[in-house]
$ cat structure_19.txt   # compact mmCIF, C-alpha atoms and all ligand atoms
# COMPACT_ATOMS: atom_id res chain seq x y z
CA MET A 1 18.41 -16.47 -16.23
CA PRO A 2 15.50 -18.85 -17.01
CA GLU A 3 12.14 -17.16 -17.24
CA GLU A 4 10.11 -20.30 -16.60
CA TYR A 5 9.73 -21.71 -13.12
CA VAL A 6 7.77 -24.53 -11.54
CA ILE A 7 7.16 -23.87 -7.84
CA HIS A 8 6.18 -26.71 -5.48
CA ALA A 9 4.89 -25.40 -2.14
CA ARG A 10 1.80 -24.86 -0.01
CA VAL A 11 -0.10 -22.14 -1.87
CA TYR A 12 -1.70 -19.27 0.08
CA SER A 13 -3.97 -16.84 -1.78
CA PRO A 14 -6.66 -14.41 -0.47
CA GLY A 15 -10.11 -15.94 -0.03
CA GLU A 16 -8.88 -19.50 -0.60
CA LYS A 17 -7.98 -22.39 1.67
CA PRO A 18 -4.23 -23.11 1.47
CA PHE A 19 -3.29 -26.24 -0.46
CA LYS A 20 -0.13 -28.06 -1.44
CA GLY A 21 0.44 -27.78 -5.16
CA THR A 22 2.22 -26.25 -8.13
CA VAL A 23 2.54 -22.72 -9.49
CA LEU A 24 3.91 -22.27 -13.01
CA VAL A 25 5.57 -18.97 -13.92
CA GLU A 26 6.26 -17.97 -17.52
CA HIS A 27 7.53 -14.62 -18.80
CA GLY A 28 6.47 -12.69 -15.72
CA LEU A 29 3.00 -14.16 -15.31
CA ILE A 30 1.44 -17.00 -13.33
CA THR A 31 0.29 -19.38 -16.05
CA GLU A 32 -1.03 -22.30 -14.02
CA VAL A 33 -2.01 -23.02 -10.41
CA SER A 34 -2.67 -26.68 -9.66
CA ARG A 35 -3.44 -28.84 -6.64
CA LYS A 36 -1.30 -31.56 -8.26
CA LEU A 37 2.49 -31.74 -8.23
CA LEU A 38 3.19 -30.99 -11.90
CA ARG A 39 6.67 -31.62 -13.33
CA PRO A 40 6.75 -30.01 -16.79
CA ARG A 41 10.04 -30.32 -18.68
CA GLY A 42 12.37 -27.39 -19.26
CA TYR A 43 11.29 -25.37 -16.21
CA GLU A 44 13.58 -24.56 -13.31
CA ARG A 45 12.10 -26.29 -10.27
CA ILE A 46 11.83 -24.44 -6.95
CA GLN A 47 10.76 -26.12 -3.72
CA SER A 48 9.65 -24.16 -0.66
CA ASN A 49 7.33 -24.54 2.32
CA ALA A 50 5.01 -21.73 1.27
CA VAL A 51 4.30 -19.48 -1.70
CA PHE A 52 2.04 -16.45 -1.43
CA PRO A 53 1.48 -13.09 -3.20
CA GLY A 54 3.88 -10.31 -2.24
CA PHE A 55 2.28 -8.09 0.40
CA CYS A 56 1.21 -4.50 -0.26
CA ASN A 57 2.23 -1.58 1.94
CA ALA A 58 -0.81 0.36 0.81
CA HIS A 59 0.15 3.68 2.39
CA VAL A 60 3.68 4.83 3.05
CA HIS A 61 5.93 7.89 2.80
CA ALA A 62 9.13 5.94 2.20
CA HIS A 63 11.38 8.96 1.73
CA MET A 64 11.25 9.87 5.44
CA HIS A 65 12.95 6.61 6.47
CA SER A 66 15.96 8.39 8.05
CA PHE A 67 13.69 10.12 10.55
CA ALA A 68 11.94 6.99 11.85
CA GLY A 69 10.16 7.59 15.15
CA LYS A 70 11.04 11.31 15.48
CA GLY A 71 7.40 12.48 15.60
CA ILE A 72 5.96 9.89 18.01
CA GLY A 73 3.94 11.22 20.93
CA LYS A 74 3.79 14.77 19.57
CA GLY A 75 0.11 14.72 18.49
CA TYR A 76 -1.59 17.32 16.27
CA PRO A 77 -0.57 19.89 15.09
CA GLU A 78 2.95 19.49 16.51
CA TYR A 79 3.42 16.30 14.49
CA PHE A 80 2.89 18.12 11.19
CA GLN A 81 5.21 20.96 12.21
CA GLU A 82 7.95 18.45 13.08
CA LEU A 83 7.38 16.67 9.79
CA PHE A 84 7.63 19.77 7.60
CA ARG A 85 10.71 20.97 9.51
CA LEU A 86 12.42 17.65 8.80
CA GLU A 87 11.22 17.38 5.21
CA LYS A 88 12.59 20.84 4.28
CA ARG A 89 16.12 19.72 5.19
CA VAL A 90 16.13 16.67 2.92
CA THR A 91 18.17 16.81 -0.30
CA ARG A 92 17.10 15.08 -3.54
CA GLU A 93 19.98 12.64 -3.18
CA GLN A 94 18.85 11.73 0.33
CA LEU A 95 15.25 11.34 -0.87
CA TYR A 96 16.45 8.80 -3.44
CA TRP A 97 18.62 6.79 -1.03
CA ASP A 98 16.09 6.85 1.81
CA THR A 99 13.36 5.62 -0.52
CA LEU A 100 15.57 2.95 -2.08
CA SER A 101 16.74 1.61 1.29
CA PHE A 102 13.12 1.53 2.53
CA CYS A 103 12.09 -0.37 -0.61
CA LYS A 104 14.87 -2.93 -0.06
CA LYS A 105 13.69 -3.36 3.52
CA MET A 106 10.11 -3.89 2.36
CA LEU A 107 11.23 -6.51 -0.17
CA LEU A 108 13.10 -8.41 2.54
CA GLU A 109 9.84 -8.50 4.50
CA GLY A 110 7.93 -9.93 1.53
CA ILE A 111 6.33 -6.63 0.42
CA THR A 112 6.41 -6.31 -3.38
CA ARG A 113 4.00 -3.37 -3.84
CA ALA A 114 3.52 0.01 -2.24
CA CYS A 115 1.27 3.05 -2.55
CA ASN A 116 3.41 6.06 -1.73
CA MET A 117 2.63 9.74 -1.13
CA SER A 118 5.29 12.43 -1.09
CA LEU A 119 5.99 15.98 -2.23
CA HIS A 120 8.60 14.93 -4.80
CA SER A 121 8.38 13.00 -8.05
CA ARG A 122 11.74 12.25 -9.71
CA PRO A 123 13.87 10.78 -6.86
CA ILE A 124 10.96 8.74 -5.47
CA ALA A 125 9.92 7.28 -8.86
CA ARG A 126 13.54 6.44 -9.71
CA ALA A 127 14.12 4.74 -6.34
CA TYR A 128 10.99 2.59 -6.59
CA SER A 129 11.87 1.60 -10.14
CA ASP A 130 15.49 0.78 -9.22
CA SER A 131 14.30 -1.38 -6.30
CA GLY A 132 12.25 -3.59 -8.66
CA MET A 133 9.03 -3.11 -6.65
CA ARG A 134 5.67 -2.20 -8.13
CA ALA A 135 4.24 1.10 -6.92
CA ARG A 136 1.40 3.56 -7.18
CA LEU A 137 2.89 7.01 -6.52
CA ALA A 138 1.12 10.29 -5.77
CA ILE A 139 1.99 13.81 -4.71
CA ALA A 140 0.17 15.18 -1.64
CA VAL A 141 -1.36 18.18 -3.45
CA LYS A 142 -2.12 21.18 -1.24
CA ASN A 143 -1.10 24.20 -3.36
CA ARG A 144 -0.22 25.19 -6.94
CA ARG A 145 3.40 24.03 -6.63
CA THR A 146 2.47 20.52 -5.51
CA PHE A 147 -0.22 20.28 -8.22
CA LEU A 148 2.43 21.03 -10.86
CA GLU A 149 4.75 18.47 -9.22
CA ASN A 150 1.96 15.88 -9.56
CA GLU A 151 1.64 16.76 -13.27
CA ARG A 152 5.41 16.26 -13.57
CA LEU A 153 5.10 12.84 -11.92
CA PHE A 154 3.01 11.65 -14.89
CA ARG A 155 5.78 12.62 -17.34
CA ILE A 156 8.51 11.02 -15.20
CA ALA A 157 6.65 7.80 -14.35
CA SER A 158 6.02 7.02 -18.04
CA LYS A 159 9.68 5.89 -18.20
CA TYR A 160 9.21 3.26 -15.49
CA GLU A 161 7.39 0.02 -16.21
CA ARG A 162 6.43 -0.83 -12.62
CA VAL A 163 5.51 2.68 -11.46
CA THR A 164 1.91 3.90 -11.86
CA PRO A 165 1.29 7.62 -11.27
CA ASP A 166 -1.81 8.72 -9.34
CA TYR A 167 -3.03 12.14 -8.32
CA GLY A 168 -2.91 12.91 -4.62
CA ILE A 169 -4.81 15.15 -2.23
CA ALA A 170 -3.00 16.03 1.03
CA ASN A 171 -6.24 15.95 3.03
CA GLU A 172 -9.64 17.61 3.42
CA ARG A 173 -8.26 20.27 5.81
CA GLU A 174 -5.17 21.53 3.96
CA THR A 175 -6.31 21.22 0.33
CA SER A 176 -8.85 23.87 -0.70
CA LYS A 177 -12.20 22.93 -2.25
CA SER A 178 -11.27 24.51 -5.59
CA LEU A 179 -7.95 22.62 -5.69
CA ILE A 180 -9.66 19.30 -4.84
CA GLU A 181 -12.04 19.95 -7.77
CA LYS A 182 -9.06 20.68 -10.03
CA VAL A 183 -7.32 17.43 -8.99
CA VAL A 184 -10.47 15.33 -9.55
CA LEU A 185 -10.92 16.91 -13.00
CA ALA A 186 -7.27 16.24 -13.92
CA ALA A 187 -7.53 12.61 -12.73
CA GLY A 188 -10.64 12.18 -14.88
CA LYS A 189 -8.87 13.51 -17.98
CA ARG A 190 -6.02 11.05 -17.54
CA ASN A 191 -8.25 8.24 -16.23
CA ALA A 192 -5.88 8.09 -13.25
CA GLY A 193 -6.33 6.90 -9.69
CA LEU A 194 -6.33 9.06 -6.55
CA GLN A 195 -4.69 8.82 -3.14
CA VAL A 196 -6.05 10.98 -0.33
CA HIS A 197 -5.67 11.25 3.46
CA VAL A 198 -9.21 11.24 4.87
CA ALA A 199 -10.50 11.89 8.41
CA GLU A 200 -7.20 11.30 10.16
CA ALA A 201 -8.20 14.03 12.62
CA PRO A 202 -11.66 14.94 14.01
CA VAL A 203 -14.12 16.48 11.55
CA PRO A 204 -13.30 20.21 11.05
CA SER A 205 -15.97 22.54 12.45
CA TRP A 206 -16.30 24.44 9.13
CA LEU A 207 -17.90 21.35 7.56
CA GLU A 208 -21.10 22.28 9.46
CA GLY A 209 -22.87 18.97 9.86
CA TRP A 210 -21.09 17.03 7.14
CA THR A 211 -18.43 14.44 7.82
CA SER A 212 -15.07 14.52 6.03
CA VAL A 213 -16.12 11.54 3.88
CA GLN A 214 -19.45 13.17 2.90
CA TYR A 215 -17.68 16.42 2.00
CA LEU A 216 -15.09 14.68 -0.19
CA ASP A 217 -17.80 12.50 -1.73
CA SER A 218 -19.71 15.64 -2.78
CA LEU A 219 -16.54 16.57 -4.72
CA ARG A 220 -16.47 13.09 -6.40
CA VAL A 221 -13.16 12.17 -4.77
CA PHE A 222 -14.08 8.52 -4.17
CA SER A 223 -15.13 7.55 -7.68
CA ARG A 224 -11.64 7.31 -9.21
CA ASN A 225 -10.02 4.00 -8.12
CA THR A 226 -9.36 5.94 -4.96
CA ILE A 227 -7.15 5.00 -2.03
CA ALA A 228 -8.73 6.64 1.03
CA VAL A 229 -6.11 6.60 3.77
CA HIS A 230 -6.95 6.45 7.52
CA CYS A 231 -10.74 7.01 7.66
CA THR A 232 -10.53 7.00 11.45
CA TYR A 233 -13.31 9.54 12.20
CA VAL A 234 -16.11 8.01 10.13
CA THR A 235 -19.76 7.07 10.63
CA GLU A 236 -21.59 3.95 9.45
CA LYS A 237 -23.03 6.06 6.61
CA ASP A 238 -19.48 7.02 5.59
CA VAL A 239 -18.45 3.36 5.51
CA ARG A 240 -21.37 2.60 3.17
CA ILE A 241 -20.36 5.51 0.89
CA LEU A 242 -16.78 4.21 0.66
CA ARG A 243 -18.04 0.71 -0.13
CA ASP A 244 -20.55 1.92 -2.75
CA ARG A 245 -17.87 4.03 -4.51
CA ARG A 246 -15.54 0.97 -4.51
CA SER A 247 -12.81 3.02 -2.85
CA TRP A 248 -9.95 1.28 -1.11
CA VAL A 249 -9.67 2.16 2.55
CA VAL A 250 -6.15 1.90 3.89
CA THR A 251 -5.76 1.65 7.62
CA CYS A 252 -2.55 2.46 9.53
CA PRO A 253 -3.67 1.72 13.13
CA VAL A 254 -0.27 1.84 14.87
CA ALA A 255 0.61 5.17 13.24
CA ASN A 256 -2.85 6.50 14.24
CA VAL A 257 -2.35 5.50 17.87
CA ASN A 258 1.13 7.09 17.88
CA VAL A 259 -0.26 10.55 17.11
CA GLY A 260 -3.17 10.21 19.53
CA SER A 261 -5.74 9.63 16.79
CA ARG A 262 -8.57 7.10 17.07
CA ILE A 263 -8.31 3.42 16.23
CA PRO A 264 -10.08 3.05 12.87
CA PRO A 265 -13.29 0.94 12.70
CA VAL A 266 -11.60 -2.02 10.98
CA ARG A 267 -14.35 -4.51 11.88
CA SER A 268 -16.95 -2.24 10.33
CA PHE A 269 -14.93 -1.92 7.10
CA LEU A 270 -14.55 -5.70 6.86
CA GLY A 271 -18.18 -6.39 7.85
CA ARG A 272 -19.52 -3.99 5.20
CA GLY A 273 -17.30 -5.41 2.47
CA VAL A 274 -15.05 -2.37 1.99
CA GLY A 275 -11.80 -3.17 0.14
CA LEU A 276 -9.21 -2.83 2.87
CA GLY A 277 -5.43 -2.42 2.76
CA LEU A 278 -2.80 -1.91 5.43
CA GLY A 279 -0.06 0.73 5.57
CA THR A 280 2.80 1.84 7.78
CA ASP A 281 2.29 5.57 6.98
CA GLU A 282 5.07 8.01 7.97
CA PRO A 283 8.21 6.41 9.33
CA VAL A 284 8.36 9.63 11.40
CA ILE A 285 5.39 8.48 13.50
CA ASN A 286 5.81 4.72 13.47
CA THR A 287 7.88 2.79 15.97
CA SER A 288 8.50 0.15 13.31
CA THR A 289 8.46 0.41 9.56
CA ASP A 290 7.47 -3.26 9.36
CA LEU A 291 3.97 -3.92 8.01
CA LYS A 292 3.80 -6.99 10.27
CA GLN A 293 3.57 -4.72 13.29
CA GLU A 294 0.28 -3.40 11.85
CA ALA A 295 -0.79 -7.00 11.17
CA ARG A 296 -0.05 -7.97 14.78
CA PHE A 297 -2.14 -5.02 15.96
CA LEU A 298 -5.10 -6.13 13.80
CA HIS A 299 -4.88 -9.70 15.10
CA ASN A 300 -3.85 -9.22 18.75
CA SER A 301 -5.63 -5.97 19.66
CA LEU A 302 -8.62 -5.89 17.30
CA LYS A 303 -9.09 -9.71 17.20
CA ILE A 304 -9.28 -9.87 13.40
CA PRO A 305 -8.90 -13.52 12.28
CA LEU A 306 -5.58 -14.39 10.64
CA HIS A 307 -7.05 -15.25 7.24
CA LYS A 308 -8.69 -11.79 7.10
CA VAL A 309 -5.42 -10.14 8.11
CA PHE A 310 -3.73 -12.06 5.28
CA ASP A 311 -6.31 -10.77 2.75
CA VAL A 312 -5.73 -7.19 3.96
CA MET A 313 -1.93 -7.59 3.71
CA CYS A 314 -2.28 -8.87 0.12
CA ALA A 315 -4.85 -6.19 -0.94
CA PRO A 316 -5.58 -7.97 -4.24
CA GLY A 317 -6.24 -5.56 -7.08
CA VAL A 318 -4.88 -2.34 -5.53
CA ILE A 319 -2.52 -2.60 -8.49
CA PRO A 320 -4.24 -4.53 -11.32
CA ARG A 321 -3.58 -8.29 -11.43
CA THR A 322 -1.48 -8.33 -8.27
CA GLY A 323 -2.18 -9.80 -4.83
CA ARG A 324 -3.41 -13.29 -5.74
CA VAL A 325 -1.78 -16.53 -6.79
CA LYS A 326 -3.97 -16.77 -9.86
CA GLU A 327 -3.57 -17.66 -13.52
CA GLY A 328 -2.98 -14.58 -15.67
CA TRP A 329 -1.89 -12.44 -12.70
CA HIS A 330 1.61 -11.02 -12.27
CA ALA A 331 4.17 -13.43 -10.81
CA ASP A 332 4.84 -11.20 -7.77
CA LEU A 333 5.47 -13.99 -5.30
CA VAL A 334 7.14 -14.72 -1.98
CA LEU A 335 8.73 -18.08 -1.21
CA SER A 336 8.93 -18.72 2.50
CA ARG A 337 10.12 -21.25 5.07
CA ALA A 338 6.94 -20.56 7.11
CA LYS A 339 4.84 -23.62 7.90
CA SER A 340 1.57 -21.88 8.79
CA LEU A 341 -0.39 -18.69 8.14
CA LYS A 342 0.51 -17.54 11.65
CA GLN A 343 4.22 -17.88 10.88
CA ILE A 344 3.77 -16.06 7.56
CA LEU A 345 1.97 -13.11 9.13
CA LEU A 346 3.38 -12.78 12.60
CA GLY A 347 6.76 -14.53 12.48
CA ASP A 348 9.96 -12.53 12.16
CA ARG A 349 11.77 -14.74 9.66
CA GLY A 350 10.90 -17.03 6.84
CA VAL A 351 11.14 -15.10 3.57
CA GLU A 352 13.54 -17.05 1.32
CA HIS A 353 13.04 -15.45 -2.08
CA VAL A 354 11.01 -12.60 -3.55
CA MET A 355 9.97 -12.42 -7.18
CA VAL A 356 8.37 -9.48 -9.02
CA GLY A 357 7.11 -9.99 -12.57
CA GLY A 358 8.79 -13.40 -12.62
CA GLU A 359 12.17 -11.82 -11.80
CA PHE A 360 13.96 -12.91 -8.62
CA LEU A 361 14.95 -9.80 -6.66
CA PHE A 362 16.66 -11.96 -4.05
ZN ZN A 401 0.21 9.44 5.29
$ encode --input "structure_19.txt" --output "structure tokens" --more "lines below"
Ligand SMILES: [Zn+2]
Amino acid sequence: MPEEYVIHARVYSPGEKPFKGTVLVEHGLITEVSRKLLRPRGYERIQSNAVFPGFCNAHVHAHMHSFAGKGIGKGYPEYFQELFRLEKRVTREQLYWDTLSFCKKMLLEGITRACNMSLHSRPIARAYSDSGMRARLAIAVKNRRTFLENERLFRIASKYERVTPDYGIANERETSKSLIEKVVLAAGKRNAGLQVHVAEAPVPSWLEGWTSVQYLDSLRVFSRNTIAVHCTYVTEKDVRILRDRRSWVVTCPVANVNVGSRIPPVRSFLGRGVGLGLGTDEPVINTSTDLKQEARFLHNSLKIPLHKVFDVMCAPGVIPRTGRVKEGWHADLVLSRAKSLKQILLGDRGVEHVMVGGEFLF
């Protein structure tokens, strides 16, 4: 298979006006982006209507794919009880196949990266790697067993080129203060990132005047290339903290609505310059596992302009050098029949080919 491609298409990249031009791909990287139609010799030429960076499902629990929709309408705490009851019955083999089939589905939708939280390391890491996607994986640490599983994830993930291990914190309610401190310390030693559910539910009364964000910030949770998921019950001060710590906030508005949580303050995140990503969260509480449903919600219900929705779907930098059509960045690209940004984001069809690291996955 040739490793050098010349792509002629309309180029869409976060923060830039679309333009018709050329993208050169060599040995897994984007080596040139031009507004001219270049025709270098020896490259395989690909023509499409649109080329854009693969989208990022920035918060997902892919292994629960078989149970899609089972927890909708149950609210807290019934939702968590339903979830744990289902999760206990899942075998390792099923975890692998559920995750792999979810990854294949994401790729067909133009999603080339995911940030995944689970309670298991080996089957999830193997499934992501076998799918060809790029992923940041974490364990939702809430006790000693899950902390050790997260340590194991680092040993397992070292075998897989496209899998980056993170530490995870289940949330501010279930993970004790001393365990959160232990996780932050361990992440510092390995210089690793963090994934944490934050303020998905109202602030617990034991915080006595603090918000969930302020409490976790006092434990230095947000200073580690952190993915802060949900952030639905937050104040303006919290939003400033998240921005100043350069945390990623990942919003999953449809999943939030499905468990009777609040709609997150997306406009405030965007207005304050917080790095924002979009996720589908638990398949158990989402009516659709398609990231475009979340995109439609941002555009149709919250009136977020399409170009901003596109930037959020791409989440450039959540995984280094991914999410832009830019020289020196990974050639994780989608070729599409779509003729406008609206068709790319809200249309049901259009994805022709998906490439990760310069390798065509389909
Ligand atoms: Zn979640």
$ residues_around --input "structure_19.txt" --residues "Arg240 (chain A)" --least-positions-apart "6" --cutoff "10 Å" --atoms "all atoms listed in the file" --output "list in words"
Arg246, Ser268, Phe269, Arg272, Gly273 and Val274 of chain A
$ residues_around --input "structure_19.txt" --residues "Val356 (chain A)" --least-positions-apart "4" --cutoff "10 Å" --atoms "all atoms listed in the file" --output "VMD selection string"
chain A and resid 28 to 29 53 to 54 107 112 to 113 132 to 134 162 322 330 to 334 360 to 362
$ write_last_selection --input "structure_19.txt" --atoms "C-alpha atoms" --output "CSV table (one decimal), keeping the file's coordinate frame"
chain,number,residue,atom,x,y,z
A,28,GLY,CA,6.5,-12.7,-15.7
A,29,LEU,CA,3.0,-14.2,-15.3
A,53,PRO,CA,1.5,-13.1,-3.2
A,54,GLY,CA,3.9,-10.3,-2.2
A,107,LEU,CA,11.2,-6.5,-0.2
A,112,THR,CA,6.4,-6.3,-3.4
A,113,ARG,CA,4.0,-3.4,-3.8
A,132,GLY,CA,12.2,-3.6,-8.7
A,133,MET,CA,9.0,-3.1,-6.6
A,134,ARG,CA,5.7,-2.2,-8.1
A,162,ARG,CA,6.4,-0.8,-12.6
A,322,THR,CA,-1.5,-8.3,-8.3
A,330,HIS,CA,1.6,-11.0,-12.3
A,331,ALA,CA,4.2,-13.4,-10.8
A,332,ASP,CA,4.8,-11.2,-7.8
A,333,LEU,CA,5.5,-14.0,-5.3
A,334,VAL,CA,7.1,-14.7,-2.0
A,360,PHE,CA,14.0,-12.9,-8.6
A,361,LEU,CA,15.0,-9.8,-6.7
A,362,PHE,CA,16.7,-12.0,-4.0
$ residues_around --input "structure_19.txt" --residues "Gly317 (chain A)" --least-positions-apart "5" --cutoff "12 Å" --atoms "all atoms listed in the file" --output "JSON, numbers by chain"
{"A": [14, 53, 55, 56, 58, 113, 136, 225, 227, 246, 247, 248, 275, 276, 277, 311, 312, 322, 323, 324, 325, 326, 329, 330]}
$ residues_around --input "structure_19.txt" --residues "Arg92 (chain A)" --least-positions-apart "5" --cutoff "12 Å" --atoms "all atoms listed in the file" --output "list in words"
His63, Met64, Glu87, Trp97, Asp98, Thr99, Leu119, His120, Ser121, Arg122, Pro123, Ile124, Ala125, Arg126 and Ala127 of chain A
$ closest_atom_pairs --input "structure_19.txt" --of "chain A" --to "ligand ZN 401 (chain A)" --cutoff "12 Å" --atoms "all atoms listed in the file" --output "tab-separated table"
residue	atom	partner	partner_atom	distance
A:Asn57	CA	A:ZN401	ZN	11.7
A:Ala58	CA	A:ZN401	ZN	10.2
A:His59	CA	A:ZN401	ZN	6.4
A:Val60	CA	A:ZN401	ZN	6.2
A:His61	CA	A:ZN401	ZN	6.4
A:Ala62	CA	A:ZN401	ZN	10.1
A:His63	CA	A:ZN401	ZN	11.7
A:Met64	CA	A:ZN401	ZN	11.0
A:Tyr79	CA	A:ZN401	ZN	11.9
A:Phe80	CA	A:ZN401	ZN	10.8
A:Leu83	CA	A:ZN401	ZN	11.1
A:Cys115	CA	A:ZN401	ZN	10.2
A:Asn116	CA	A:ZN401	ZN	8.4
A:Met117	CA	A:ZN401	ZN	6.9
A:Ser118	CA	A:ZN401	ZN	8.7
A:Leu119	CA	A:ZN401	ZN	11.5
A:Ala138	CA	A:ZN401	ZN	11.1
A:Ile139	CA	A:ZN401	ZN	11.1
A:Ala140	CA	A:ZN401	ZN	9.0
A:Gly168	CA	A:ZN401	ZN	11.0
A:Ile169	CA	A:ZN401	ZN	10.7
A:Ala170	CA	A:ZN401	ZN	8.5
A:Asn171	CA	A:ZN401	ZN	9.4
A:Gln195	CA	A:ZN401	ZN	9.8
A:Val196	CA	A:ZN401	ZN	8.6
A:His197	CA	A:ZN401	ZN	6.4
A:Val198	CA	A:ZN401	ZN	9.6
A:Ala199	CA	A:ZN401	ZN	11.4
A:Glu200	CA	A:ZN401	ZN	9.1
A:Ile227	CA	A:ZN401	ZN	11.3
A:Ala228	CA	A:ZN401	ZN	10.3
A:Val229	CA	A:ZN401	ZN	7.1
A:His230	CA	A:ZN401	ZN	8.1
A:Cys231	CA	A:ZN401	ZN	11.5
A:Val250	CA	A:ZN401	ZN	10.0
A:Thr251	CA	A:ZN401	ZN	10.1
A:Cys252	CA	A:ZN401	ZN	8.6
A:Pro253	CA	A:ZN401	ZN	11.7
A:Ala255	CA	A:ZN401	ZN	9.0
A:Asn256	CA	A:ZN401	ZN	9.9
A:Val259	CA	A:ZN401	ZN	11.9
A:Leu278	CA	A:ZN401	ZN	11.7
A:Gly279	CA	A:ZN401	ZN	8.7
A:Thr280	CA	A:ZN401	ZN	8.4
A:Asp281	CA	A:ZN401	ZN	4.7
A:Glu282	CA	A:ZN401	ZN	5.7
A:Pro283	CA	A:ZN401	ZN	9.5
A:Val284	CA	A:ZN401	ZN	10.2
A:Ile285	CA	A:ZN401	ZN	9.8
A:Asn286	CA	A:ZN401	ZN	11.0
$ atom_distance --input "structure_19.txt" --atom1 "CA of Thr211 (chain A)" --atom2 "CA of Ser261 (chain A)"
16.3 Å
$ atom_distance --input "structure_19.txt" --atom1 "CA of Lys308 (chain A)" --atom2 "CA of Ile344 (chain A)"
13.2 Å
$ residues_around --input "structure_19.txt" --residues "Ala186 (chain A)" --least-positions-apart "4" --cutoff "10 Å" --atoms "only C-alpha atoms" --output "MDAnalysis selection string"
chainID A and resid 147 151 167 180:182 190:192
$ closest_residue --input "structure_19.txt" --among "A:Gln214, A:Leu219, A:Phe154, A:Met313" --to "Lys237 (chain A)" --atoms "all atoms listed in the file"
A:Gln214
$ atom_distance --input "structure_19.txt" --atom1 "CA of Val203 (chain A)" --atom2 "CA of Gly71 (chain A)"
22.3 Å
$ closest_residue --input "structure_19.txt" --among "A:Leu194, A:Arg296, A:Glu4, A:Pro265" --to "His27 (chain A)" --atoms "all atoms listed in the file"
A:Glu4
$ decode --input "structure_19.txt" --residues "region 155-173 of chain A" --atoms "C-alpha atoms" --output "mmCIF file, in the first residue's frame"
data_model
loop_
_atom_site.group_PDB
_atom_site.id
_atom_site.type_symbol
_atom_site.label_atom_id
_atom_site.label_comp_id
_atom_site.auth_asym_id
_atom_site.auth_seq_id
_atom_site.Cartn_x
_atom_site.Cartn_y
_atom_site.Cartn_z
ATOM 1 C CA ARG A 155 1.905 -1.736 31.630
ATOM 2 C CA ILE A 156 -0.625 -3.023 29.081
ATOM 3 C CA ALA A 157 -0.919 0.181 27.021
ATOM 4 C CA SER A 158 2.854 0.344 26.466
ATOM 5 C CA LYS A 159 2.372 -2.418 23.849
ATOM 6 C CA TYR A 160 -0.045 -0.328 21.783
ATOM 7 C CA GLU A 161 1.188 2.540 19.641
ATOM 8 C CA ARG A 162 -2.096 4.459 19.418
ATOM 9 C CA VAL A 163 -3.246 3.981 23.018
ATOM 10 C CA THR A 164 -2.226 6.531 25.667
ATOM 11 C CA PRO A 165 -2.889 5.583 29.309
ATOM 12 C CA ASP A 166 -4.243 8.207 31.710
ATOM 13 C CA TYR A 167 -5.199 8.009 35.352
ATOM 14 C CA GLY A 168 -8.895 8.296 36.119
ATOM 15 C CA ILE A 169 -10.995 9.465 39.050
ATOM 16 C CA ALA A 170 -14.579 8.141 39.158
ATOM 17 C CA ASN A 171 -15.914 11.425 40.572
ATOM 18 C CA GLU A 172 -15.728 13.767 43.566
ATOM 19 C CA ARG A 173 -18.486 11.875 45.439
#
